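Next comes query.cif, a file with mmCIF, C-alpha atoms.
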data_final
loop_
_atom_site.label_atom_id
_atom_site.label_comp_id
_atom_site.auth_asym_id
_atom_site.auth_seq_id
_atom_site.Cartn_x
_atom_site.Cartn_y
_atom_site.Cartn_z
CA MET B 1 -30.07 82.11 -93.94
CA PRO B 2 -26.70 80.87 -92.83
CA GLY B 3 -27.47 81.06 -89.07
CA PRO B 4 -30.37 78.56 -88.91
CA LEU B 5 -28.56 76.17 -91.21
CA LEU B 6 -25.52 76.26 -88.97
CA ILE B 7 -27.68 75.45 -85.96
CA ILE B 8 -29.41 72.62 -87.79
CA ALA B 9 -26.06 71.24 -88.97
CA SER B 10 -24.70 71.47 -85.42
CA ALA B 11 -27.79 69.73 -84.04
CA ALA B 12 -27.50 67.01 -86.67
CA ILE B 13 -23.85 66.48 -85.82
CA LEU B 14 -24.73 66.43 -82.10
CA LEU B 15 -27.44 63.84 -82.68
CA VAL B 16 -25.09 61.67 -84.73
CA THR B 17 -22.45 61.96 -82.03
CA MET B 18 -24.93 61.10 -79.31
CA ALA B 19 -26.19 58.11 -81.32
CA PHE B 20 -22.59 56.92 -81.71
CA LEU B 21 -21.98 57.37 -78.02
CA VAL B 22 -25.16 55.43 -77.16
CA ILE B 23 -24.11 52.63 -79.47
CA ARG B 24 -20.59 52.68 -77.99
CA LEU B 25 -21.95 52.63 -74.43
CA SER B 26 -24.22 49.71 -75.33
CA MET B 27 -21.24 47.84 -76.74
CA LEU B 28 -19.17 48.66 -73.66
CA SER B 29 -21.99 47.52 -71.38
CA THR B 30 -22.22 44.22 -73.24
CA MET B 31 -18.48 43.80 -73.00
CA VAL B 32 -18.53 44.59 -69.25
CA ARG B 33 -21.29 42.06 -68.66
CA GLU B 34 -19.38 39.41 -70.58
CA LEU B 35 -16.19 40.20 -68.70
CA LEU B 36 -18.01 40.11 -65.38
CA GLY B 37 -19.59 36.77 -66.32
CA HIS B 38 -16.20 35.29 -67.25
CA GLN B 39 -14.67 36.72 -64.11
CA ALA B 40 -17.49 35.32 -61.93
CA LYS B 41 -17.07 31.90 -63.54
CA SER B 42 -13.32 32.12 -63.06
CA MET B 43 -13.81 33.10 -59.43
CA GLU B 44 -16.29 30.24 -58.93
CA ASP B 45 -13.79 27.79 -60.40
CA LYS B 46 -11.08 29.21 -58.19
CA HIS B 47 -13.38 28.91 -55.16
CA ARG B 48 -14.16 25.32 -56.04
CA ASP B 49 -10.47 24.53 -56.44
CA MET B 50 -9.71 26.26 -53.14
CA LEU B 51 -12.49 24.33 -51.37
CA LYS B 52 -11.22 21.09 -52.89
CA ASP B 53 -7.68 21.87 -51.76
CA LEU B 54 -9.04 22.82 -48.35
CA HIS B 55 -10.90 19.54 -47.99
CA GLU B 56 -7.88 17.57 -49.12
CA GLY B 57 -5.67 19.50 -46.69
CA LEU B 58 -8.14 18.92 -43.87
CA ALA B 59 -8.30 15.22 -44.69
CA LYS B 60 -4.50 14.97 -44.67
CA GLN B 61 -4.35 16.97 -41.43
CA GLY B 62 -6.98 14.68 -39.89
CA ASP B 63 -4.93 11.65 -40.93
CA ARG B 64 -1.80 13.15 -39.40
CA LEU B 65 -3.69 14.04 -36.21
CA SER B 66 -5.15 10.52 -36.02
CA GLU B 67 -1.70 9.02 -36.50
CA ALA B 68 -0.17 11.31 -33.87
CA LEU B 69 -3.04 10.63 -31.49
CA GLY B 70 -2.60 6.88 -32.02
CA LYS B 71 1.12 7.09 -31.26
CA THR B 72 0.46 9.27 -28.21
CA SER B 73 -2.25 6.87 -27.01
CA GLU B 74 0.07 3.89 -27.44
CA GLN B 75 2.86 5.63 -25.51
CA LEU B 76 0.44 6.68 -22.79
CA ARG B 77 -1.06 3.20 -22.63
CA GLY B 78 2.42 1.72 -22.27
CA THR B 79 3.32 4.19 -19.52
CA VAL B 80 0.05 3.65 -17.65
CA GLU B 81 0.31 -0.14 -17.99
CA SER B 82 3.91 -0.07 -16.74
CA ARG B 83 3.00 1.99 -13.71
CA LEU B 84 -0.11 -0.05 -13.05
CA ASP B 85 2.04 -3.19 -13.21
CA GLN B 86 4.38 -1.67 -10.64
CA ILE B 87 1.47 -0.70 -8.40
CA SER B 88 -0.11 -4.12 -8.86
CA GLY B 89 3.19 -5.78 -7.95
CA HIS B 90 3.48 -3.79 -4.72
CA VAL B 91 -0.16 -4.39 -3.81
CA THR B 92 0.11 -8.10 -4.63
CA GLU B 93 3.22 -8.38 -2.47
CA ARG B 94 1.48 -6.73 0.48
CA LEU B 95 -1.64 -8.85 -0.02
CA ASP B 96 0.43 -12.03 -0.21
CA GLU B 97 2.15 -11.15 3.05
CA GLY B 98 -1.20 -10.40 4.70
CA PHE B 99 -2.77 -13.61 3.35
CA LYS B 100 0.24 -15.63 4.52
CA LYS B 101 0.02 -14.26 8.05
CA THR B 102 -3.76 -14.70 8.10
CA ASN B 103 -3.41 -18.28 6.87
CA GLU B 104 -0.80 -19.04 9.54
CA THR B 105 -3.07 -17.58 12.23
CA PHE B 106 -6.06 -19.50 10.90
CA THR B 107 -4.04 -22.74 10.80
CA SER B 108 -2.89 -22.18 14.38
CA VAL B 109 -6.47 -21.51 15.51
CA MET B 110 -7.72 -24.63 13.73
CA THR B 111 -4.97 -26.70 15.34
CA ARG B 112 -5.89 -25.41 18.77
CA LEU B 113 -9.58 -26.04 18.08
CA ALA B 114 -8.75 -29.61 17.03
CA THR B 115 -6.80 -30.06 20.27
CA ILE B 116 -9.70 -28.68 22.29
CA ASP B 117 -12.13 -30.94 20.44
CA GLU B 118 -9.93 -33.95 21.16
CA ALA B 119 -9.72 -32.98 24.82
CA GLN B 120 -13.50 -32.58 24.90
CA LYS B 121 -13.90 -36.08 23.48
CA LYS B 122 -11.60 -37.44 26.17
CA ILE B 123 -13.56 -35.60 28.85
CA ASP B 124 -16.81 -37.02 27.49
CA SER B 125 -15.25 -40.48 27.54
CA LEU B 126 -14.10 -40.00 31.12
CA THR B 127 -17.54 -38.75 32.11
CA THR B 128 -19.17 -41.79 30.57
CA ASN B 129 -16.84 -44.17 32.41
CA MET B 130 -16.65 -42.23 35.67
CA VAL B 131 -16.97 -44.16 38.92
CA SER B 132 -17.69 -42.88 42.37
CA LEU B 133 -14.90 -40.81 43.87
CA GLN B 134 -15.45 -42.61 47.11
CA GLU B 135 -14.86 -45.97 45.45
CA LEU B 136 -11.80 -44.69 43.59
CA LEU B 137 -10.19 -43.22 46.70
CA GLY B 138 -11.12 -45.96 49.09
CA ASP B 139 -7.62 -47.41 48.94
CA LYS B 140 -4.66 -45.46 50.33
CA ARG B 141 -2.46 -46.34 47.37
CA SER B 142 -5.16 -45.19 44.94
CA ARG B 143 -5.41 -41.88 46.78
CA GLY B 144 -1.66 -41.41 46.49
CA ALA B 145 -1.72 -42.13 42.77
CA PHE B 146 -4.67 -39.79 42.31
CA GLY B 147 -2.84 -36.96 44.08
CA GLU B 148 0.34 -37.52 42.04
CA VAL B 149 -1.57 -37.54 38.74
CA GLN B 150 -3.46 -34.37 39.64
CA LEU B 151 -0.25 -32.68 40.76
CA GLU B 152 1.55 -33.60 37.53
CA ALA B 153 -1.37 -32.39 35.41
CA LEU B 154 -1.42 -29.00 37.15
CA VAL B 155 2.33 -28.50 36.91
CA ARG B 156 2.56 -29.71 33.31
CA ASN B 157 -0.23 -27.37 32.16
CA ILE B 158 1.29 -24.25 33.72
CA LEU B 159 5.07 -24.49 33.85
CA PRO B 160 7.57 -25.16 31.03
CA ALA B 161 9.25 -28.54 31.04
CA ALA B 162 12.59 -27.11 32.18
CA ALA B 163 11.05 -25.60 35.31
CA TYR B 164 10.07 -28.85 37.06
CA THR B 165 10.92 -32.53 37.48
CA MET B 166 8.49 -35.27 38.48
CA GLN B 167 9.55 -38.04 40.91
CA HIS B 168 12.89 -36.39 41.68
CA THR B 169 15.28 -38.15 44.07
CA LEU B 170 17.17 -35.89 46.48
CA SER B 171 20.66 -36.44 47.87
CA ASN B 172 19.25 -38.03 51.06
CA GLY B 173 17.52 -40.72 48.98
CA SER B 174 14.03 -39.27 49.41
CA ARG B 175 11.95 -39.08 46.27
CA ALA B 176 9.61 -36.08 45.96
CA ASP B 177 6.53 -36.22 43.79
CA CYS B 178 7.70 -33.02 42.10
CA VAL B 179 10.40 -30.37 42.41
CA LEU B 180 10.07 -26.85 41.06
CA ARG B 181 13.26 -25.34 39.65
CA LEU B 182 12.90 -21.64 40.38
CA PRO B 183 15.54 -18.93 39.88
CA PRO B 184 17.69 -17.72 42.78
CA PRO B 185 17.34 -16.98 45.58
CA THR B 186 14.44 -19.44 45.84
CA GLY B 187 16.08 -22.38 44.09
CA MET B 188 14.56 -25.86 44.09
CA VAL B 189 11.23 -26.36 45.91
CA ALA B 190 9.95 -29.86 46.67
CA VAL B 191 6.22 -30.59 46.32
CA ASP B 192 4.69 -33.75 47.79
CA SER B 193 1.09 -34.92 47.55
CA LYS B 194 -0.73 -35.98 50.75
CA PHE B 195 -4.39 -37.04 51.03
CA PRO B 196 -5.62 -37.47 54.64
CA LEU B 197 -9.09 -38.65 53.66
CA GLU B 198 -10.11 -41.53 55.98
CA ASN B 199 -10.41 -39.59 59.25
CA PHE B 200 -11.82 -36.63 57.32
CA HIS B 201 -14.78 -38.78 56.27
CA ARG B 202 -15.22 -40.12 59.81
CA MET B 203 -15.46 -36.53 61.09
CA PHE B 204 -18.63 -36.03 59.05
CA ASP B 205 -20.15 -39.51 59.37
CA ARG B 206 -23.81 -38.97 60.29
CA HIS B 207 -24.16 -42.46 61.67
CA ALA B 208 -21.25 -42.07 64.14
CA ASP B 209 -21.71 -40.64 67.61
CA GLU B 210 -20.20 -37.38 68.87
CA ALA B 211 -17.27 -39.08 70.60
CA SER B 212 -16.32 -40.98 67.46
CA ARG B 213 -16.42 -37.79 65.38
CA ALA B 214 -14.31 -35.93 67.98
CA LEU B 215 -11.79 -38.76 67.96
CA ALA B 216 -11.72 -38.73 64.16
CA GLN B 217 -11.11 -34.98 64.24
CA LYS B 218 -8.20 -35.41 66.63
CA GLN B 219 -6.77 -38.18 64.47
CA PHE B 220 -7.23 -36.05 61.36
CA LYS B 221 -5.14 -33.28 62.88
CA ALA B 222 -2.52 -35.81 63.87
CA ASP B 223 -2.45 -37.18 60.31
CA VAL B 224 -1.89 -33.72 58.86
CA LYS B 225 0.88 -32.93 61.35
CA LYS B 226 2.56 -36.27 60.58
CA HIS B 227 2.50 -35.42 56.86
CA VAL B 228 3.99 -32.01 57.66
CA ASP B 229 6.77 -33.63 59.70
CA ASP B 230 7.52 -36.13 56.93
CA ILE B 231 7.77 -33.40 54.29
CA ALA B 232 9.90 -31.15 56.50
CA GLY B 233 12.27 -34.00 57.34
CA LYS B 234 12.65 -35.41 53.82
CA TYR B 235 12.35 -32.54 51.37
CA ILE B 236 13.88 -29.49 53.08
CA LEU B 237 17.63 -29.82 52.49
CA PRO B 238 19.34 -26.44 52.17
CA PRO B 239 21.30 -25.53 50.09
CA GLU B 240 20.14 -28.33 47.75
CA THR B 241 16.57 -27.14 48.17
CA CYS B 242 15.12 -23.96 49.54
CA ASP B 243 14.29 -23.63 53.21
CA GLY B 244 10.67 -24.68 52.67
CA ALA B 245 8.50 -27.29 50.93
CA VAL B 246 4.95 -27.60 49.63
CA MET B 247 2.31 -30.06 50.81
CA PHE B 248 -0.29 -30.62 48.10
CA VAL B 249 -3.78 -31.64 49.26
CA PRO B 250 -5.74 -32.84 46.19
CA ALA B 251 -9.19 -32.13 47.68
CA GLU B 252 -10.52 -28.57 48.11
CA ALA B 253 -12.85 -29.70 50.91
CA VAL B 254 -9.97 -31.12 52.98
CA PHE B 255 -7.92 -27.95 52.40
CA ALA B 256 -10.86 -25.76 53.40
CA GLU B 257 -11.43 -27.80 56.57
CA ILE B 258 -7.79 -27.40 57.61
CA HIS B 259 -7.65 -23.65 57.06
CA ALA B 260 -11.14 -22.89 58.37
CA TYR B 261 -11.20 -24.89 61.63
CA HIS B 262 -7.67 -26.00 62.45
CA TYR B 263 -5.55 -22.92 62.83
CA ASP B 264 -3.10 -24.73 65.08
CA VAL B 265 -2.31 -27.19 62.29
CA VAL B 266 -1.72 -24.34 59.84
CA ASP B 267 0.54 -22.57 62.36
CA TYR B 268 2.43 -25.82 62.96
CA ALA B 269 3.02 -26.23 59.23
CA MET B 270 4.24 -22.65 58.91
CA GLN B 271 6.71 -23.20 61.75
CA LYS B 272 8.03 -26.24 59.89
CA GLN B 273 8.31 -24.16 56.68
CA VAL B 274 5.72 -26.36 54.95
CA TRP B 275 3.08 -24.58 52.88
CA ILE B 276 -0.23 -26.42 52.52
CA VAL B 277 -1.92 -25.87 49.16
CA SER B 278 -4.99 -27.14 47.31
CA PRO B 279 -5.40 -27.48 43.51
CA THR B 280 -6.70 -23.90 43.32
CA THR B 281 -4.00 -22.33 45.48
CA LEU B 282 -1.31 -24.45 43.81
CA MET B 283 -2.43 -23.03 40.46
CA ALA B 284 -1.90 -19.53 41.89
CA VAL B 285 1.56 -20.52 43.14
CA LEU B 286 2.49 -22.07 39.80
CA ASN B 287 1.23 -19.03 37.85
CA THR B 288 3.31 -16.79 40.09
CA ALA B 289 6.33 -19.01 39.48
CA ARG B 290 5.70 -18.89 35.73
CA ALA B 291 5.52 -15.08 35.84
CA VAL B 292 8.82 -14.98 37.73
CA LEU B 293 10.43 -17.33 35.19
CA LYS B 294 9.11 -15.29 32.31
CA ASP B 295 10.38 -12.08 33.88
CA ILE B 296 13.84 -13.59 34.40
CA GLU B 297 13.92 -14.89 30.85
CA THR B 298 12.77 -11.53 29.51
CA ARG B 299 15.49 -9.71 31.39
CA GLU B 300 18.09 -12.19 30.15
CA GLN B 301 16.90 -11.79 26.57
CA VAL B 302 16.31 -8.04 26.69
CA HIS B 303 19.16 -7.35 24.25
CA ILE B 304 17.57 -9.74 21.76
CA ILE B 305 14.26 -7.93 22.16
CA LYS B 306 16.00 -4.61 21.57
CA ASP B 307 17.64 -5.94 18.41
CA GLU B 308 14.32 -7.27 17.16
CA LEU B 309 12.64 -3.94 17.91
CA SER B 310 15.44 -2.13 16.06
CA ARG B 311 15.02 -4.38 13.02
CA LEU B 312 11.27 -3.93 13.26
CA GLY B 313 11.77 -0.16 13.26
CA LYS B 314 13.95 -0.38 10.13
CA ASP B 315 11.39 -2.61 8.42
CA PHE B 316 8.66 -0.13 9.27
CA ALA B 317 10.77 2.75 7.92
CA ARG B 318 11.26 0.84 4.64
CA PHE B 319 7.55 0.10 4.56
CA ASP B 320 6.74 3.79 5.06
CA GLU B 321 9.18 4.79 2.27
CA ARG B 322 7.70 2.24 -0.10
CA MET B 323 4.20 3.41 0.72
CA LYS B 324 5.23 6.98 -0.12
CA LYS B 325 6.69 5.81 -3.45
CA LEU B 326 3.48 3.91 -4.16
CA ALA B 327 1.45 7.04 -3.40
CA ASP B 328 3.69 9.08 -5.74
CA HIS B 329 3.19 6.52 -8.53
CA ILE B 330 -0.56 6.64 -8.03
CA ARG B 331 -0.55 10.46 -8.08
CA GLN B 332 1.62 10.55 -11.23
CA ALA B 333 -0.64 8.03 -12.99
CA ASN B 334 -3.67 10.11 -12.04
CA GLN B 335 -1.96 13.28 -13.36
CA ASP B 336 -1.09 11.54 -16.66
CA VAL B 337 -4.68 10.40 -17.06
CA GLU B 338 -5.91 13.97 -16.45
CA GLU B 339 -3.48 15.35 -19.05
CA VAL B 340 -4.56 12.73 -21.58
CA HIS B 341 -8.16 13.61 -20.86
CA VAL B 342 -7.44 17.32 -21.52
CA SER B 343 -5.63 16.51 -24.79
CA SER B 344 -8.44 14.21 -25.88
CA ARG B 345 -11.02 16.90 -25.14
CA LYS B 346 -9.08 19.51 -27.17
CA ILE B 347 -8.71 17.14 -30.13
CA SER B 348 -12.39 16.26 -29.98
CA GLN B 349 -13.32 19.95 -29.97
CA ARG B 350 -10.96 20.58 -32.91
CA PHE B 351 -12.54 17.79 -34.94
CA ALA B 352 -15.97 19.13 -34.06
CA ARG B 353 -15.04 22.57 -35.44
CA ILE B 354 -13.58 21.00 -38.56
CA ASP B 355 -16.72 18.96 -39.05
CA ALA B 356 -18.85 22.11 -38.66
CA VAL B 357 -16.60 24.03 -41.19
CA GLU B 358 -15.71 26.62 -38.60
CA LEU B 359 -12.22 27.26 -39.99
CA GLU B 360 -11.70 30.81 -41.30
CA ALA B 361 -11.70 30.86 -45.16
CA PRO B 362 -8.81 32.78 -46.82
CA GLU B 363 -9.71 36.20 -48.26
CA VAL B 364 -10.12 36.35 -52.13
CA GLU B 365 -9.14 39.57 -53.95
CA THR B 366 -11.84 40.79 -56.37
CA THR B 367 -10.79 42.94 -59.41
CA VAL B 368 -13.35 45.47 -60.62
CA LEU B 369 -12.93 46.76 -64.16
CA GLU B 370 -13.30 50.48 -64.61
CA PRO B 371 -15.23 51.81 -67.61
CA GLY B 372 -12.97 52.33 -70.56
CA ASP B 373 -10.63 49.42 -69.68
CA GLY B 374 -10.36 47.28 -72.73
#

Please render this file's structure as structure tokens.
Amino acid sequence: MPGPLLIIASAAILLVTMAFLVIRLSMLSTMVRELLGHQAKSMEDKHRDMLKDLHEGLAKQGDRLSEALGKTSEQLRGTVESRLDQISGHVTERLDEGFKKTNETFTSVMTRLATIDEAQKKIDSLTTNMVSLQELLGDKRSRGAFGEVQLEALVRNILPAAAYTMQHTLSNGSRADCVLRLPPPTGMVAVDSKFPLENFHRMFDRHADEASRALAQKQFKADVKKHVDDIAGKYILPPETCDGAVMFVPAEAVFAEIHAYHYDVVDYAMQKQVWIVSPTTLMAVLNTARAVLKDIETREQVHIIKDELSRLGKDFARFDERMKKLADHIRQANQDVEEVHVSSRKISQRFARIDAVELEAPEVETTVLEPGDG
């Protein structure tokens, strides 16, 4: 039976071949597993080496960044400190100027307050030692001295020293209590103190009869007219003086009596070019004279004022320019601080990503062995 034997032989050969193939596949599978294990270990080692290199590189990069940041911070600190020093210098200069002016003003105020306090002490002392005005002015010579002292005090407190002279002797030998040196066309004005007090008191004496008071009133008017005549004859000397003079009455009550009830006396004085004044009205006259003197002086010195205003304008222009430069420095310093803040924020974010291992890892090529590769 050759046919069945051939089939059996073929089957046996097929079985042997299949067994060989199974054994070969098993050997290949073992070899593949071993190769894959070695390759996995090799890849793990490579990964570890790569991670180690990465960490070392990151550490070196962090050191370089820290060093660069330190240098940048030092440069920025130097720049900011330099500009702050400049700003501080300008501000200190302005503050010193302001403090100096304030201190000068304060010193002036304190000096004036000390003067006022001293004057107040003198007034208190005078009040304590004051005697009756009637007793003080009872003597004619005392009244004259009182009027001269009051006149000098008023003039000295209002006019500058160059604008008046006390006890001035004119070319005719007459000596005026005071002369006012006013600008043209007025010129020199003589002022003399008169105090017609005796008959004034008799006019208001309650114990006197009506006839005595009328007589005293008549004599009072005569006294005033005599004073007017004396002043007009002694102290009106054109062109040495102006064409008028001033009669100073030291008592407001006497002045009020003359102007309120004795119009004829006032008209007589006006005809003689003699102006009757009291302490209050003399103050008005002196203040007017001071205003005139100040106006004349201002007009004479107007070119100086213009020069000072011009220099003041230049100083203000320089001040404005320096203020603009100071504002530019402040703006630049603020811009530098903002830029440093942005750089610091970026570096902080970069370090945060590094710390969180957010850097992209490099791709690793994986080799897969095909069956049959030995």

Contact residues around segment 253-267 of chain B with all atoms listed in the file at 8 Å, ignoring same-chain residues under 4 positions, as a ChimeraX atom specification: /B:196-197,200,221,224-225,249,271,276-278

Minimum-distance residue to Met270 of chain B, chosen among B:Asn172, B:Ala327, B:Pro160, B:Ala232 (using only C-alpha atoms): B:Ala232

Within 10 Å of Lys234 of chain B using only C-alpha atoms, minus same-chain residues under 6 positions, as a list in words: Leu170, Asn172, Gly173, Ser174, Arg175, Ala176, Ala190 and Ala245 of chain B

Test item: the PyMOL selection byres ((chain B and resi 337-344) around 12) resolved as JSON, numbers by chain: {"B": [65, 66, 68, 69, 70, 72, 73, 74, 75, 76, 77, 79, 80, 81, 83, 330, 331, 332, 333, 334, 335, 336, 345, 346, 347, 348, 349, 350, 351]}

Would you put the residues from that selection into a file with C-alpha atoms, as a PDB file, in the coordinates of the input?
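So again.pdb came out as:
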ATOM      1  CA  LEU B  65      -3.690  14.040 -36.210  1.00  0.00           C
ATOM      2  CA  SER B  66      -5.150  10.520 -36.020  1.00  0.00           C
ATOM      3  CA  ALA B  68      -0.170  11.310 -33.870  1.00  0.00           C
ATOM      4  CA  LEU B  69      -3.040  10.630 -31.490  1.00  0.00           C
ATOM      5  CA  GLY B  70      -2.600   6.880 -32.020  1.00  0.00           C
ATOM      6  CA  THR B  72       0.460   9.270 -28.210  1.00  0.00           C
ATOM      7  CA  SER B  73      -2.250   6.870 -27.010  1.00  0.00           C
ATOM      8  CA  GLU B  74       0.070   3.890 -27.440  1.00  0.00           C
ATOM      9  CA  GLN B  75       2.860   5.630 -25.510  1.00  0.00           C
ATOM     10  CA  LEU B  76       0.440   6.680 -22.790  1.00  0.00           C
ATOM     11  CA  ARG B  77      -1.060   3.200 -22.630  1.00  0.00           C
ATOM     12  CA  THR B  79       3.320   4.190 -19.520  1.00  0.00           C
ATOM     13  CA  VAL B  80       0.050   3.650 -17.650  1.00  0.00           C
ATOM     14  CA  GLU B  81       0.310  -0.140 -17.990  1.00  0.00           C
ATOM     15  CA  ARG B  83       3.000   1.990 -13.710  1.00  0.00           C
ATOM     16  CA  ILE B 330      -0.560   6.640  -8.030  1.00  0.00           C
ATOM     17  CA  ARG B 331      -0.550  10.460  -8.080  1.00  0.00           C
ATOM     18  CA  GLN B 332       1.620  10.550 -11.230  1.00  0.00           C
ATOM     19  CA  ALA B 333      -0.640   8.030 -12.990  1.00  0.00           C
ATOM     20  CA  ASN B 334      -3.670  10.110 -12.040  1.00  0.00           C
ATOM     21  CA  GLN B 335      -1.960  13.280 -13.360  1.00  0.00           C
ATOM     22  CA  ASP B 336      -1.090  11.540 -16.660  1.00  0.00           C
ATOM     23  CA  ARG B 345     -11.020  16.900 -25.140  1.00  0.00           C
ATOM     24  CA  LYS B 346      -9.080  19.510 -27.170  1.00  0.00           C
ATOM     25  CA  ILE B 347      -8.710  17.140 -30.130  1.00  0.00           C
ATOM     26  CA  SER B 348     -12.390  16.260 -29.980  1.00  0.00           C
ATOM     27  CA  GLN B 349     -13.320  19.950 -29.970  1.00  0.00           C
ATOM     28  CA  ARG B 350     -10.960  20.580 -32.910  1.00  0.00           C
ATOM     29  CA  PHE B 351     -12.540  17.790 -34.940  1.00  0.00           C
TER      30      PHE B 351
END

Given the PyMOL selection byres ((chain B and resi 90) around 12), the residues it picks as number ranges by chain: B: 83-89, 91-97, 319, 322-327, 329-330

Neighbours of point (-12.5, -39.8, 62.8) within 8 Å, using all atoms listed in the file, written as a list in words: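 Answer for this query, in the requested form: Glu198, Asn199, Phe200, His201, Arg202, Met203, Ser212, Arg213, Ala214, Leu215, Ala216, Gln217, Lys218, Gln219 and Phe220 of chain B.
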
Nearest-residue call for Ile231 of chain B, choices B:Asp53, B:Asp63, B:Asp209, B:Asp192, using all atoms listed in the file: B:Asp192

Atomic separation - atom CA of Pro185 of chain B relative to atom CA of Arg156 of chain B, Å: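 We find that atom CA of Arg156 of chain B and atom CA of Pro185 of chain B lie 23.0 Å from each other.
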
Gap from atom CA of Val274 of chain B to atom CA of Val292 of chain B - Å, one decimal: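 For atom CA of Val274 of chain B relative to atom CA of Val292 of chain B, the distance reads 20.9 Å.
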
Atom CA of Arg181 of chain B to atom CA of Phe146 of chain B, distance in Å rounded to a single decimal: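 Distance reported for this atom pair: 23.2 Å.
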
Distance query Glu152 of chain B at most 12 Å, all atoms listed in the file, self and fewer than 2 positions along chain excluded, as a PyMOL selection string: chain B and resi 145-150+154-159+161+164-167+176-180+191-193+248+250+279+282-283+286

Given all atoms listed in the file as the counted atoms, nearest of B:Ala356, B:Gly98, B:Lys194, B:Lys60 to Leu151 of chain B: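 Closest candidate: B:Lys194.
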
Padded axis-aligned box of segment 44-50 of chain B (6 Å per side), centre and edge lengths, Å, one decimal, as AutoDock Vina command-line options:
--center_x -13.0 --center_y 27.4 --center_z -56.8 --size_x 18.6 --size_y 17.7 --size_z 19.3
